[in-house]
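Okay, structure.cif is below, mmCIF, C-alpha atoms:
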data_input
#
loop_
_atom_site.label_atom_id
_atom_site.label_comp_id
_atom_site.auth_asym_id
_atom_site.auth_seq_id
_atom_site.Cartn_x
_atom_site.Cartn_y
_atom_site.Cartn_z
CA THR A 135 -31.81 -17.17 -42.50
CA TYR A 136 -29.54 -15.66 -39.84
CA GLN A 137 -30.09 -13.15 -37.09
CA ILE A 138 -27.23 -10.81 -36.27
CA SER A 139 -27.34 -9.33 -32.78
CA LYS A 140 -25.70 -6.08 -31.89
CA TYR A 141 -24.85 -7.49 -28.46
CA PRO A 142 -22.22 -10.08 -27.49
CA GLY A 143 -24.06 -13.37 -27.03
CA GLY A 144 -27.23 -11.59 -28.13
CA VAL A 145 -27.81 -10.20 -24.63
CA THR A 146 -27.62 -6.85 -22.87
CA SER A 147 -28.63 -5.73 -19.38
CA ASP A 148 -30.83 -2.97 -17.99
CA THR A 149 -28.27 -2.40 -15.21
CA GLU A 150 -25.07 -0.53 -15.99
CA GLU A 151 -22.03 -2.78 -15.77
CA GLY A 152 -19.77 -2.04 -12.82
CA LYS A 153 -22.62 -0.71 -10.71
CA THR A 154 -22.71 -1.41 -6.98
CA LEU A 155 -25.85 -3.33 -6.07
CA ALA A 156 -27.73 -4.23 -2.92
CA ASP A 157 -28.18 -7.84 -1.92
CA GLY A 158 -31.43 -9.01 -3.54
CA ASP A 159 -31.40 -6.50 -6.42
CA ILE A 160 -32.73 -7.84 -9.73
CA VAL A 161 -30.90 -7.42 -13.04
CA HIS A 162 -33.05 -7.81 -16.14
CA LEU A 163 -31.44 -9.31 -19.23
CA ILE A 164 -32.63 -8.25 -22.67
CA THR A 165 -32.13 -9.86 -26.08
CA ASP A 166 -32.69 -8.62 -29.62
CA VAL A 167 -32.80 -12.19 -30.91
CA THR A 168 -36.36 -12.79 -32.13
CA GLY A 169 -38.00 -15.42 -29.91
CA GLY A 170 -34.65 -16.05 -28.24
CA THR A 171 -34.26 -17.74 -24.87
CA ILE A 172 -31.71 -16.28 -22.49
CA TYR A 173 -29.48 -18.57 -20.42
CA TYR A 174 -27.31 -17.17 -17.62
CA THR A 175 -24.89 -18.12 -14.88
CA LEU A 176 -23.56 -16.34 -11.81
CA GLY A 177 -19.93 -16.81 -10.84
CA THR A 178 -17.56 -19.05 -12.73
CA GLY A 179 -20.14 -21.03 -14.71
CA ASN A 180 -20.63 -20.75 -18.47
CA PRO A 181 -24.17 -20.10 -19.80
CA VAL A 182 -23.34 -22.09 -22.91
CA ASN A 183 -23.11 -25.23 -20.79
CA GLY A 184 -25.74 -25.63 -18.08
CA GLY A 185 -26.97 -22.06 -17.76
CA THR A 186 -30.33 -21.16 -16.18
CA ALA A 187 -33.11 -20.00 -18.52
CA GLY A 188 -34.62 -16.64 -17.62
CA ASN A 189 -34.23 -12.89 -17.94
CA ALA A 190 -34.65 -11.71 -14.32
CA VAL A 191 -31.54 -12.44 -12.23
CA THR A 192 -31.54 -11.94 -8.46
CA ILE A 193 -28.13 -10.79 -7.27
CA SER A 194 -27.04 -12.11 -3.89
CA GLY A 195 -23.84 -12.85 -2.02
CA GLU A 196 -21.56 -11.53 0.69
CA PRO A 197 -21.12 -7.78 1.34
CA GLY A 198 -18.42 -6.32 -0.94
CA GLN A 199 -18.38 -9.42 -3.16
CA ASP A 200 -17.65 -9.11 -6.90
CA ILE A 201 -20.42 -10.62 -9.01
CA SER A 202 -19.89 -12.01 -12.52
CA LEU A 203 -23.06 -12.48 -14.59
CA LYS A 204 -22.73 -14.27 -17.93
CA ALA A 205 -25.55 -14.71 -20.43
CA ALA A 206 -26.29 -15.83 -23.97
CA ALA A 207 -29.44 -15.92 -26.13
CA VAL A 208 -30.51 -18.89 -28.28
CA ALA A 209 -32.89 -18.47 -31.21
CA PRO A 210 -35.63 -21.08 -31.74
CA GLY A 211 -34.41 -24.14 -33.60
CA THR A 212 -30.74 -23.29 -33.16
CA ARG A 213 -27.96 -24.54 -30.91
CA MET A 214 -26.10 -22.66 -28.24
CA THR A 215 -22.92 -21.07 -29.50
CA GLY A 216 -19.76 -20.35 -27.55
CA SER A 217 -20.34 -16.59 -27.49
CA TYR A 218 -21.77 -14.96 -24.38
CA ALA A 219 -22.06 -11.56 -22.70
CA ALA A 220 -20.37 -10.87 -19.36
CA PHE A 221 -21.44 -8.25 -16.83
CA GLN A 222 -19.50 -7.36 -13.70
CA TYR A 223 -21.14 -5.95 -10.56
CA LYS A 224 -20.23 -5.45 -6.93
CA LEU A 225 -22.34 -5.90 -3.81
CA ARG A 226 -22.47 -3.04 -1.34
CA ASP A 227 -20.13 -3.09 1.65
CA GLN A 228 -21.66 -3.67 5.07
CA LEU A 229 -21.33 -1.21 7.92
CA ALA A 230 -19.67 -2.31 11.14
CA ALA A 231 -22.04 -2.96 14.05
CA PRO A 232 -22.37 -0.31 16.79
CA HIS A 233 -20.48 -0.73 20.05
CA ALA A 234 -21.28 0.50 23.55
CA SER A 235 -19.38 2.28 26.30
CA ILE A 236 -20.47 -0.39 28.82
CA MET A 237 -19.89 -4.09 28.24
CA THR A 238 -23.04 -6.14 27.72
CA ASN A 239 -24.29 -8.21 30.68
CA THR A 240 -22.92 -5.66 33.13
CA VAL A 241 -24.75 -5.48 36.47
CA LEU A 242 -25.31 -1.84 37.44
CA THR A 243 -25.89 -0.34 40.85
CA GLU A 244 -26.89 3.21 39.93
CA GLU A 245 -28.34 5.28 37.09
CA THR A 246 -25.81 5.30 34.25
CA ASN A 247 -25.37 6.92 30.83
CA LEU A 248 -24.80 4.51 27.95
CA ILE A 249 -22.91 5.82 24.92
CA LEU A 250 -23.24 4.12 21.51
CA LYS A 251 -20.71 4.57 18.70
CA ALA A 252 -20.40 3.39 15.09
CA ASN A 253 -17.45 3.67 12.71
CA LYS A 254 -19.80 4.93 9.99
CA GLY A 255 -23.51 5.61 9.55
CA LYS A 256 -26.37 6.65 11.82
CA ILE A 257 -27.35 4.49 14.78
CA TYR A 258 -30.94 3.45 15.35
CA TYR A 259 -31.92 1.58 18.49
CA THR A 260 -34.78 0.02 20.43
CA ILE A 261 -35.34 -0.83 24.09
CA ASP A 262 -38.64 -2.71 23.73
CA GLY A 263 -37.31 -6.01 22.37
CA THR A 264 -38.04 -5.26 18.70
CA LEU A 265 -35.38 -5.18 15.98
CA PRO A 266 -34.21 -1.67 15.09
CA ASP A 267 -34.75 -0.03 11.68
CA ARG A 268 -35.05 3.50 10.30
CA ASN A 269 -38.33 3.93 12.18
CA SER A 270 -36.67 3.27 15.53
CA TYR A 271 -35.07 5.81 17.86
CA LEU A 272 -32.24 7.75 16.19
CA TYR A 273 -29.29 7.78 18.58
CA GLU A 274 -28.23 11.38 19.29
CA TYR A 275 -27.63 11.51 23.04
CA PRO A 276 -26.53 9.01 25.72
CA ILE A 277 -29.18 6.52 26.80
CA ILE A 278 -30.02 6.77 30.49
CA LEU A 279 -30.10 3.36 32.14
CA TYR A 280 -32.14 3.29 35.34
CA GLN A 281 -33.73 -0.18 35.20
CA ASP A 282 -33.08 -3.57 33.59
CA THR A 283 -32.73 -2.75 29.87
CA THR A 284 -31.91 -4.53 26.61
CA VAL A 285 -30.65 -2.17 23.91
CA GLN A 286 -30.60 -3.34 20.28
CA ALA A 287 -28.73 -1.08 17.86
CA ILE A 288 -27.97 -0.99 14.15
CA ALA A 289 -25.87 1.29 11.90
CA MET A 290 -27.48 2.42 8.63
CA GLU A 291 -26.43 4.66 5.74
CA ASP A 292 -27.45 5.05 2.12
CA GLY A 293 -25.20 3.12 -0.25
CA TYR A 294 -24.23 0.50 2.36
CA GLU A 295 -25.72 -2.69 3.69
CA SER A 296 -27.02 -2.18 7.21
CA SER A 297 -24.81 -3.51 9.97
CA ALA A 298 -25.55 -6.55 12.05
CA VAL A 299 -27.69 -5.80 15.10
CA SER A 300 -25.76 -5.29 18.33
CA ILE A 301 -27.49 -6.41 21.53
CA PHE A 302 -26.51 -4.96 24.90
CA VAL A 303 -28.11 -6.34 28.08
CA TYR A 304 -27.95 -4.52 31.42
CA THR A 305 -29.41 -5.45 34.77
CA PHE A 306 -29.50 -3.66 38.11
CA ALA A 307 -28.33 -5.27 41.32
CA GLU A 308 -31.06 -6.07 43.80
CA LYS A 309 -31.17 -3.50 46.56
CA VAL A 310 -30.80 -4.72 50.12
CA LYS A 311 -34.06 -4.34 52.07
CA GLY A 312 -34.84 -3.98 55.72
CA LEU A 313 -31.50 -2.83 57.14
CA SER A 314 -31.86 -2.41 60.91
CA ALA A 315 -29.77 -2.04 64.09
CA SER A 316 -30.12 -3.88 67.36
CA LYS A 317 -30.45 -0.54 69.14
CA PRO A 318 -32.03 2.66 67.80
CA SER A 319 -29.97 5.82 67.47
CA GLY A 320 -29.02 7.29 70.79
CA VAL A 321 -26.40 7.20 73.51
CA LEU A 322 -24.17 4.13 73.81
CA GLU A 323 -22.25 2.85 76.76
CA ALA A 324 -18.52 2.29 76.36
CA GLY A 325 -17.86 -1.10 74.76
CA GLU A 326 -21.52 -1.67 73.88
CA THR A 327 -22.07 -3.81 70.74
CA ILE A 328 -24.57 -2.92 68.01
CA TRP A 329 -25.80 -5.66 65.64
CA LEU A 330 -26.72 -4.71 62.05
CA THR A 331 -29.08 -7.05 60.20
CA SER A 332 -30.85 -7.18 56.84
CA GLU A 333 -33.95 -9.00 55.56
CA ASN A 334 -31.65 -10.35 52.87
CA GLY A 335 -29.62 -12.83 54.89
CA GLU A 336 -26.95 -13.17 52.19
CA ALA A 337 -26.21 -9.44 51.99
CA GLU A 338 -22.84 -8.13 53.17
CA ILE A 339 -23.18 -5.03 55.33
CA TYR A 340 -20.57 -2.28 55.23
CA TYR A 341 -20.53 0.58 57.76
CA THR A 342 -18.53 3.56 58.95
CA THR A 343 -18.36 5.35 62.30
CA ASN A 344 -16.79 8.64 61.13
CA GLY A 345 -19.73 10.15 59.22
CA SER A 346 -18.54 9.12 55.73
CA ASN A 347 -20.61 7.09 53.27
CA PRO A 348 -19.89 3.35 53.40
CA ASP A 349 -18.85 1.51 50.25
#

Encoding of this model in structure tokens:
Amino acid sequence: TYQISKYPGGVTSDTEEGKTLADGDIVHLITDVTGGTIYYTLGTGNPVNGGTAGNAVTISGEPGQDISLKAAAVAPGTRMTGSYAAFQYKLRDQLAAPHASIMTNTVLTEETNLILKANKGKIYYTIDGTLPDRNSYLYEYPIILYQDTTVQAIAMEDGYESSAVSIFVYTFAEKVKGLSASKPSGVLEAGETIWLTSENGEAEIYYTTNGSNPD
């Protein structure tokens, strides 16, 4: 008694060949061989020699990678033949990570607007130390930095693998405290010296005498 399958290797798939898949997607293999056991391989292996038994195949790999799935069914009491089915798939491409208008680890001295950009996709971000996802803030306007802040951002779009998470760390310079003069404002004698001091002994003090702002 012989069984004649209508599929190469006695196996077909529930996932259309050539389809682009996400990392971790599962392809289910189906056989019309009564009581048949399906053996499969991913990549260059041959299911006829050393394939894995099973009908649910988890697809994984690098973004944009071509995936070759090969499978064959064996009826009870028979030997594996050299015929097998081959299915070709592709993993989704990954979006590039967002970048920022200000280099990470920059020390700021005043309130600043931070601009995020991505080559493709929408940007989601957090400032509370958690990893960003679609439930995080959607970036639409510049982020106002006014205190020490860590921004984590990700690019996301349907049909693509999410980007890696970009992390941007910003701190604000410590403000000098307790700036004072050896003589209060008032009238000075010609050649009189005024000493400027700060509670922060390491601070450098800049001054002007023409009414302009020191820097």

Quick one: apply the PyMOL selection byres ((chain A and resi 238) around 8) to the file and drop the selected residues here as a list in words.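 Given this file, the PyMOL selection byres ((chain A and resi 238) around 8) evaluates to Ile236, Met237, Asn239, Thr240, Ile301, Phe302, Val303 and Tyr304 of chain A.
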
Could you tell me how far CA of Ser296 in chain A sits from CA of Gly177 in chain A, in Å to one decimal place? 24.3 Å

I'd like the interatomic distance between CA of Tyr223 in chain A and CA of Ser297 in chain A, to a tenth of an Å. 21.0 Å

Let me know the residues the PyMOL selection byres ((chain A and resi 220) around 6) catches in the file above, as a list of chain:residue names. A:Leu203, A:Lys204, A:Ala219, A:Phe221

Within 7 Å of range 269-277 of chain A, counting only C-alpha atoms, which residues qualify if same-chain residues fewer than 5 places away don't, as JSON, numbers by chain? {"A": [247, 248, 249, 257, 258, 259, 260]}

For range 200-202 of chain A, please output as a list in words all residues within 9 Å (counting only C-alpha atoms; exclusion window: fewer than 3 positions along the same chain).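 Surrounding residues, per the criterion: Thr175, Leu176, Gly177, Thr178, Ile193, Ser194, Gly195, Glu196, Ala220, Phe221, Gln222, Tyr223, Lys224 and Leu225 of chain A.
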
Once the PyMOL selection byres ((chain A and resi 135-150) around 7) is applied to the coordinates I shared, what remains selected? I want it as a PyMOL selection string. chain A and resi 151-153+161-167+205-207+217-219
